[in-house]
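Okay, so here's the structure we're looking at.
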Amino acid sequence: MAAKILIVDDDINIVKLIKLYLEKEDYTVCTAHNGREALDVFKKENPALLILDIMMPEIDGNEVCREIRKTSDVPIIMLTAKGETFDKVLSLELGADDYIVKPFEPKELIARVKAILRRTDSKTTGNNNKCIEFDKLEVSLTNYELKIDGHIFEIPPKELELLYFLASNPNRVFTREQLLEEVWGFDYFGDSRTVDVHIKRLREKLEGVEANWQLKTVWGVGYKFEVR
């Protein structure tokens, strides 16, 4: 069955354009034109991915993203006319998986959609018995679950995949570019700031845990999962 994708934008022409390209790729498409409608449609349709504009009436895209992240880790691609680094980082910090700046090439957007859905499909295929355990930490790609000190934490897929990759290679330093290649894949279009934002969110979840491991910054190089 084709994946269902929710497009949210107050610009009707943009919605029609994206819908046309997605349907050519055999995706099922539902739409909304403001933030409040987006939340209603999301609850009703349970899409596999959202393409979400930031600047919208009623409730903006960042607030929609924040609300959805309270209950779901569904992938979200933010659409924005803002190209400044601050706006990109804010969207990522709120839980978005990717962003694309208007004006954009529809084929590039479709490529990002395909890349994200390929990665999230791995939740149910090809991840048998992928679980790593350290002191007070359990990271499972089998059911996409993070357990810290016995407690289960809600976590977006990309954060969990990043933590799993680093923990699978303890004490090895990776540059941001290597992490983008290994975790996001060759088809990822983002920049190295994406890695920094995901590391920051992971550290917030791991904060206060007294254990024999830590996510460590190696200044001038990148990051590592250090086991003492």
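By convention in this document, the chains of the structure tokens carry letters A, B, ... by their order, each chain's residues are numbered from 1, and ligands are numbered from 1 in the order they are shown.
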List the spatial neighbours of Ser91 of chain A as a PyMOL selection string - criterion: any atom at most 8 Å away, only C-alpha atoms, same-chain residues fewer than 4 positions off excluded. chain A and resi 62+78+87+95-96+99
Could you take the residues named above and write them with N, CA, C and O atoms, as a short mmCIF file (atom, residue, chain, number, x, y, z; two decimals), in the first residue's frame?
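As a result, selection26.cif now contains:
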data_model
loop_
_atom_site.label_atom_id
_atom_site.label_comp_id
_atom_site.auth_asym_id
_atom_site.auth_seq_id
_atom_site.Cartn_x
_atom_site.Cartn_y
_atom_site.Cartn_z
N ASN A 62 5.66 25.55 13.13
CA ASN A 62 6.48 25.14 14.27
C ASN A 62 5.62 24.67 15.43
O ASN A 62 5.96 23.70 16.11
N MET A 78 9.90 20.28 6.98
CA MET A 78 9.41 21.65 7.08
C MET A 78 9.64 22.40 5.77
O MET A 78 10.72 22.33 5.17
N ASP A 87 16.27 29.80 11.87
CA ASP A 87 14.96 29.19 11.59
C ASP A 87 15.09 27.70 11.30
O ASP A 87 14.25 26.91 11.70
N GLY A 95 11.78 19.10 16.55
CA GLY A 95 11.55 17.70 16.21
C GLY A 95 11.39 17.40 14.73
O GLY A 95 11.12 16.25 14.36
N ALA A 96 11.56 18.40 13.86
CA ALA A 96 11.48 18.14 12.42
C ALA A 96 12.65 17.26 11.99
O ALA A 96 13.73 17.31 12.57
N TYR A 99 14.28 19.94 6.39
CA TYR A 99 13.66 21.20 5.99
C TYR A 99 14.07 21.50 4.56
O TYR A 99 15.10 21.02 4.07
#
Nearest candidate to Tyr144 of chain A (options A:Leu160, A:Ile132, A:Val173, A:Val41; using only C-alpha atoms):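 Nearest candidate to Tyr144 of chain A out of A:Leu160, A:Ile132, A:Val173, A:Val41: A:Leu160.
Residue neighbourhood of Arg69 of chain A, excluding near-sequence residues (fewer than 3 positions): Glu63, Val64, Cys65, Arg66, Ser72, Asp73, Val74, Pro75, Ile76, Leu94, Gly95, Ala96, Glu154, Ile155 and Pro156 of chain A, at 10 Å, using only C-alpha atoms.
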How many Å lie between atom CA of Tyr27 of chain A and atom CA of Met55 of chain A, rounded to one decimal? 24.9 Å
Could you go through segment 1-222 of chain A and tell me which residues DSSP, when run on the backbone, assigns to strand (DSSP E or B), listing them as a PyMOL selection string? chain A and resi 4-8+28-32+49-53+76-80+98-101+131-134+137-140+145-148+151-153+174-175+213-218+222
If we count only C-alpha atoms, what is near Leu117 of chain A at a cut-off of 12 Å, once residues fewer than 4 positions away on the same chain are taken out, given as a list in words? Ala2, Ala3, Lys4, Ile5, Tyr27, Pro47, Ala48, Leu49, Leu50, Val74, Pro75, Ile76, Ile77, Asp97, Ile110, Ala111, Arg112, Val113, Asp121, Ser122, Lys123, Thr124, Pro157, Lys158 and Trp184 of chain A
Can you pull out the residues contacting Val29 of chain A? Cut-off 8 Å, using only C-alpha atoms, and skip same-chain residues under 6 positions away; I want them as an MDAnalysis selection string. chainID A and resid 4:7 19 22:23
Convert the current residue selection to file output with N, CA and C atoms, as an mmCIF file, in the first residue's frame.
data_model
loop_
_atom_site.group_PDB
_atom_site.id
_atom_site.type_symbol
_atom_site.label_atom_id
_atom_site.label_comp_id
_atom_site.auth_asym_id
_atom_site.auth_seq_id
_atom_site.Cartn_x
_atom_site.Cartn_y
_atom_site.Cartn_z
ATOM 1 N N LYS A 4 0.874 7.252 2.898
ATOM 2 C CA LYS A 4 0.010 8.429 2.907
ATOM 3 C C LYS A 4 0.806 9.628 3.407
ATOM 4 N N ILE A 5 0.742 10.732 2.681
ATOM 5 C CA ILE A 5 1.501 11.934 3.015
ATOM 6 C C ILE A 5 0.551 13.108 3.180
ATOM 7 N N LEU A 6 0.736 13.843 4.265
ATOM 8 C CA LEU A 6 -0.064 15.032 4.535
ATOM 9 C C LEU A 6 0.733 16.274 4.131
ATOM 10 N N ILE A 7 0.158 17.089 3.232
ATOM 11 C CA ILE A 7 0.752 18.361 2.818
ATOM 12 C C ILE A 7 -0.002 19.478 3.521
ATOM 13 N N LYS A 19 1.222 17.928 -4.458
ATOM 14 C CA LYS A 19 0.282 16.809 -4.578
ATOM 15 C C LYS A 19 0.436 16.118 -5.935
ATOM 16 N N LEU A 22 3.686 14.068 -5.933
ATOM 17 C CA LEU A 22 3.590 12.901 -5.058
ATOM 18 C C LEU A 22 2.696 11.824 -5.663
ATOM 19 N N GLU A 23 1.584 12.238 -6.230
ATOM 20 C CA GLU A 23 0.666 11.258 -6.823
ATOM 21 C C GLU A 23 1.275 10.593 -8.054
#
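Pairwise distance (atom CA of Ile199 of chain A, atom CA of Lys147 of chain A) equals 16.9 Å.
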For segment 207-220 of chain A, list every protein, DNA or RNA residue within 12 Å, evaluated using only C-alpha atoms, and leave out those in the same chain fewer than 4 positions away; present the list as a ChimeraX atom specification. /A:133-137,147-151,162-167,169-176,195-196,198-203,224-228
Take the residues that were just selected and, keeping N, CA and C atoms, output them as a compact mmCIF listing (two decimals), in the first residue's frame.
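Everything below was put into part.txt:
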# COMPACT_ATOMS: atom_id res chain seq x y z
N GLU A 133 23.10 -2.48 24.54
CA GLU A 133 22.92 -2.19 25.96
C GLU A 133 24.24 -1.78 26.60
N PHE A 134 24.19 -0.69 27.33
CA PHE A 134 25.28 -0.25 28.18
C PHE A 134 24.70 0.01 29.57
N ASP A 135 25.53 0.44 30.49
CA ASP A 135 25.09 0.76 31.84
C ASP A 135 23.93 1.76 31.80
N LYS A 136 22.73 1.33 32.23
CA LYS A 136 21.52 2.15 32.32
C LYS A 136 21.00 2.64 30.97
N LEU A 137 21.48 2.05 29.87
CA LEU A 137 21.07 2.49 28.54
C LEU A 137 20.76 1.29 27.66
N LYS A 147 15.57 3.27 26.11
CA LYS A 147 15.31 3.06 27.53
C LYS A 147 16.52 3.57 28.32
N ILE A 148 16.27 4.50 29.25
CA ILE A 148 17.32 5.09 30.07
C ILE A 148 17.00 4.83 31.54
N ASP A 149 17.91 4.15 32.22
CA ASP A 149 17.74 3.85 33.64
C ASP A 149 16.39 3.19 33.90
N GLY A 150 15.98 2.32 32.99
CA GLY A 150 14.73 1.57 33.16
C GLY A 150 13.49 2.26 32.66
N HIS A 151 13.61 3.51 32.19
CA HIS A 151 12.44 4.27 31.74
C HIS A 151 12.47 4.42 30.22
N LEU A 162 20.96 7.91 15.27
CA LEU A 162 22.26 8.54 15.53
C LEU A 162 22.88 7.96 16.80
N LEU A 163 22.10 7.85 17.87
CA LEU A 163 22.61 7.30 19.12
C LEU A 163 23.02 5.84 18.92
N TYR A 164 22.21 5.08 18.20
CA TYR A 164 22.53 3.67 17.95
C TYR A 164 23.85 3.54 17.19
N PHE A 165 24.03 4.37 16.18
CA PHE A 165 25.26 4.29 15.38
C PHE A 165 26.49 4.62 16.23
N LEU A 166 26.41 5.70 17.02
CA LEU A 166 27.55 6.07 17.85
C LEU A 166 27.83 5.00 18.91
N ALA A 167 26.77 4.50 19.54
CA ALA A 167 26.95 3.48 20.57
C ALA A 167 27.44 2.15 19.98
N ASN A 169 29.70 2.01 17.88
CA ASN A 169 31.12 2.22 17.62
C ASN A 169 31.75 2.97 18.80
N PRO A 170 31.73 2.37 20.00
CA PRO A 170 32.19 3.08 21.20
C PRO A 170 33.64 3.55 21.08
N ASN A 171 33.85 4.77 21.59
CA ASN A 171 35.18 5.40 21.66
C ASN A 171 35.77 5.75 20.29
N ARG A 172 34.99 5.64 19.25
CA ARG A 172 35.45 6.03 17.92
C ARG A 172 34.90 7.41 17.58
N VAL A 173 35.77 8.30 17.11
CA VAL A 173 35.37 9.67 16.79
C VAL A 173 34.88 9.74 15.35
N PHE A 174 33.75 10.41 15.15
CA PHE A 174 33.21 10.63 13.81
C PHE A 174 33.06 12.12 13.55
N THR A 175 33.42 12.56 12.37
CA THR A 175 33.16 13.94 11.98
C THR A 175 31.68 14.11 11.69
N ARG A 176 31.22 15.34 11.64
CA ARG A 176 29.82 15.60 11.31
C ARG A 176 29.49 15.07 9.92
N VAL A 195 23.53 17.68 12.56
CA VAL A 195 24.12 16.76 13.53
C VAL A 195 24.18 17.40 14.90
N ASP A 196 24.63 18.66 14.96
CA ASP A 196 24.74 19.36 16.24
C ASP A 196 23.40 19.43 16.96
N HIS A 198 20.79 17.41 16.64
CA HIS A 198 20.37 16.09 17.11
C HIS A 198 21.18 15.64 18.32
N ILE A 199 22.47 15.96 18.35
CA ILE A 199 23.29 15.65 19.51
C ILE A 199 22.79 16.42 20.73
N LYS A 200 22.44 17.68 20.53
CA LYS A 200 21.92 18.51 21.63
C LYS A 200 20.65 17.89 22.21
N ARG A 201 19.75 17.44 21.36
CA ARG A 201 18.50 16.86 21.84
C ARG A 201 18.75 15.54 22.55
N LEU A 202 19.70 14.76 22.05
CA LEU A 202 20.03 13.51 22.73
C LEU A 202 20.61 13.78 24.12
N ARG A 203 21.48 14.77 24.24
CA ARG A 203 22.07 15.09 25.53
C ARG A 203 21.02 15.54 26.53
N LYS A 224 31.78 11.43 19.71
CA LYS A 224 31.97 10.01 19.95
C LYS A 224 31.12 9.58 21.14
N PHE A 225 30.82 8.29 21.20
CA PHE A 225 30.16 7.67 22.35
C PHE A 225 31.28 7.08 23.20
N GLU A 226 31.63 7.78 24.26
CA GLU A 226 32.77 7.39 25.07
C GLU A 226 32.35 6.45 26.19
N VAL A 227 33.03 5.32 26.27
CA VAL A 227 32.79 4.36 27.34
C VAL A 227 34.03 4.33 28.21
N ARG A 228 33.85 4.59 29.51
CA ARG A 228 34.98 4.65 30.42
C ARG A 228 35.21 3.30 31.09
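Put simply, atom CA of Leu179 of chain A is 10.0 Å away from atom CA of Thr194 of chain A.
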So which residues touch Leu109 of chain A within 12 Å, counting only C-alpha atoms, skipping near sequence neighbours fewer than 5 positions away, as a PyMOL selection string? chain A and resi 7+17-19+21-22+50-52+77-79+98-104+114-116+187-189
Ranking A:Asn46, A:Asn34, A:Thr80, A:Thr28 by minimum distance to Asp60 of chain A and counting only C-alpha atoms, which one comes first?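 The answer is A:Asn34, which sits nearest to Asp60 of chain A.
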Just the helix (DSSP H, G or I) stuff from segment 15-200 of chain A, please, per backbone DSSP, written as an MDAnalysis selection string. chainID A and resid 15:24 35:45 61:69 85:93 106:121 157:168 176:184 193:200
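Taking only C-alpha atoms into account, Lys107 of chain A lies nearest to A:Glu25 out of the set A:Glu181, A:Glu159, A:Glu204, A:Glu25.
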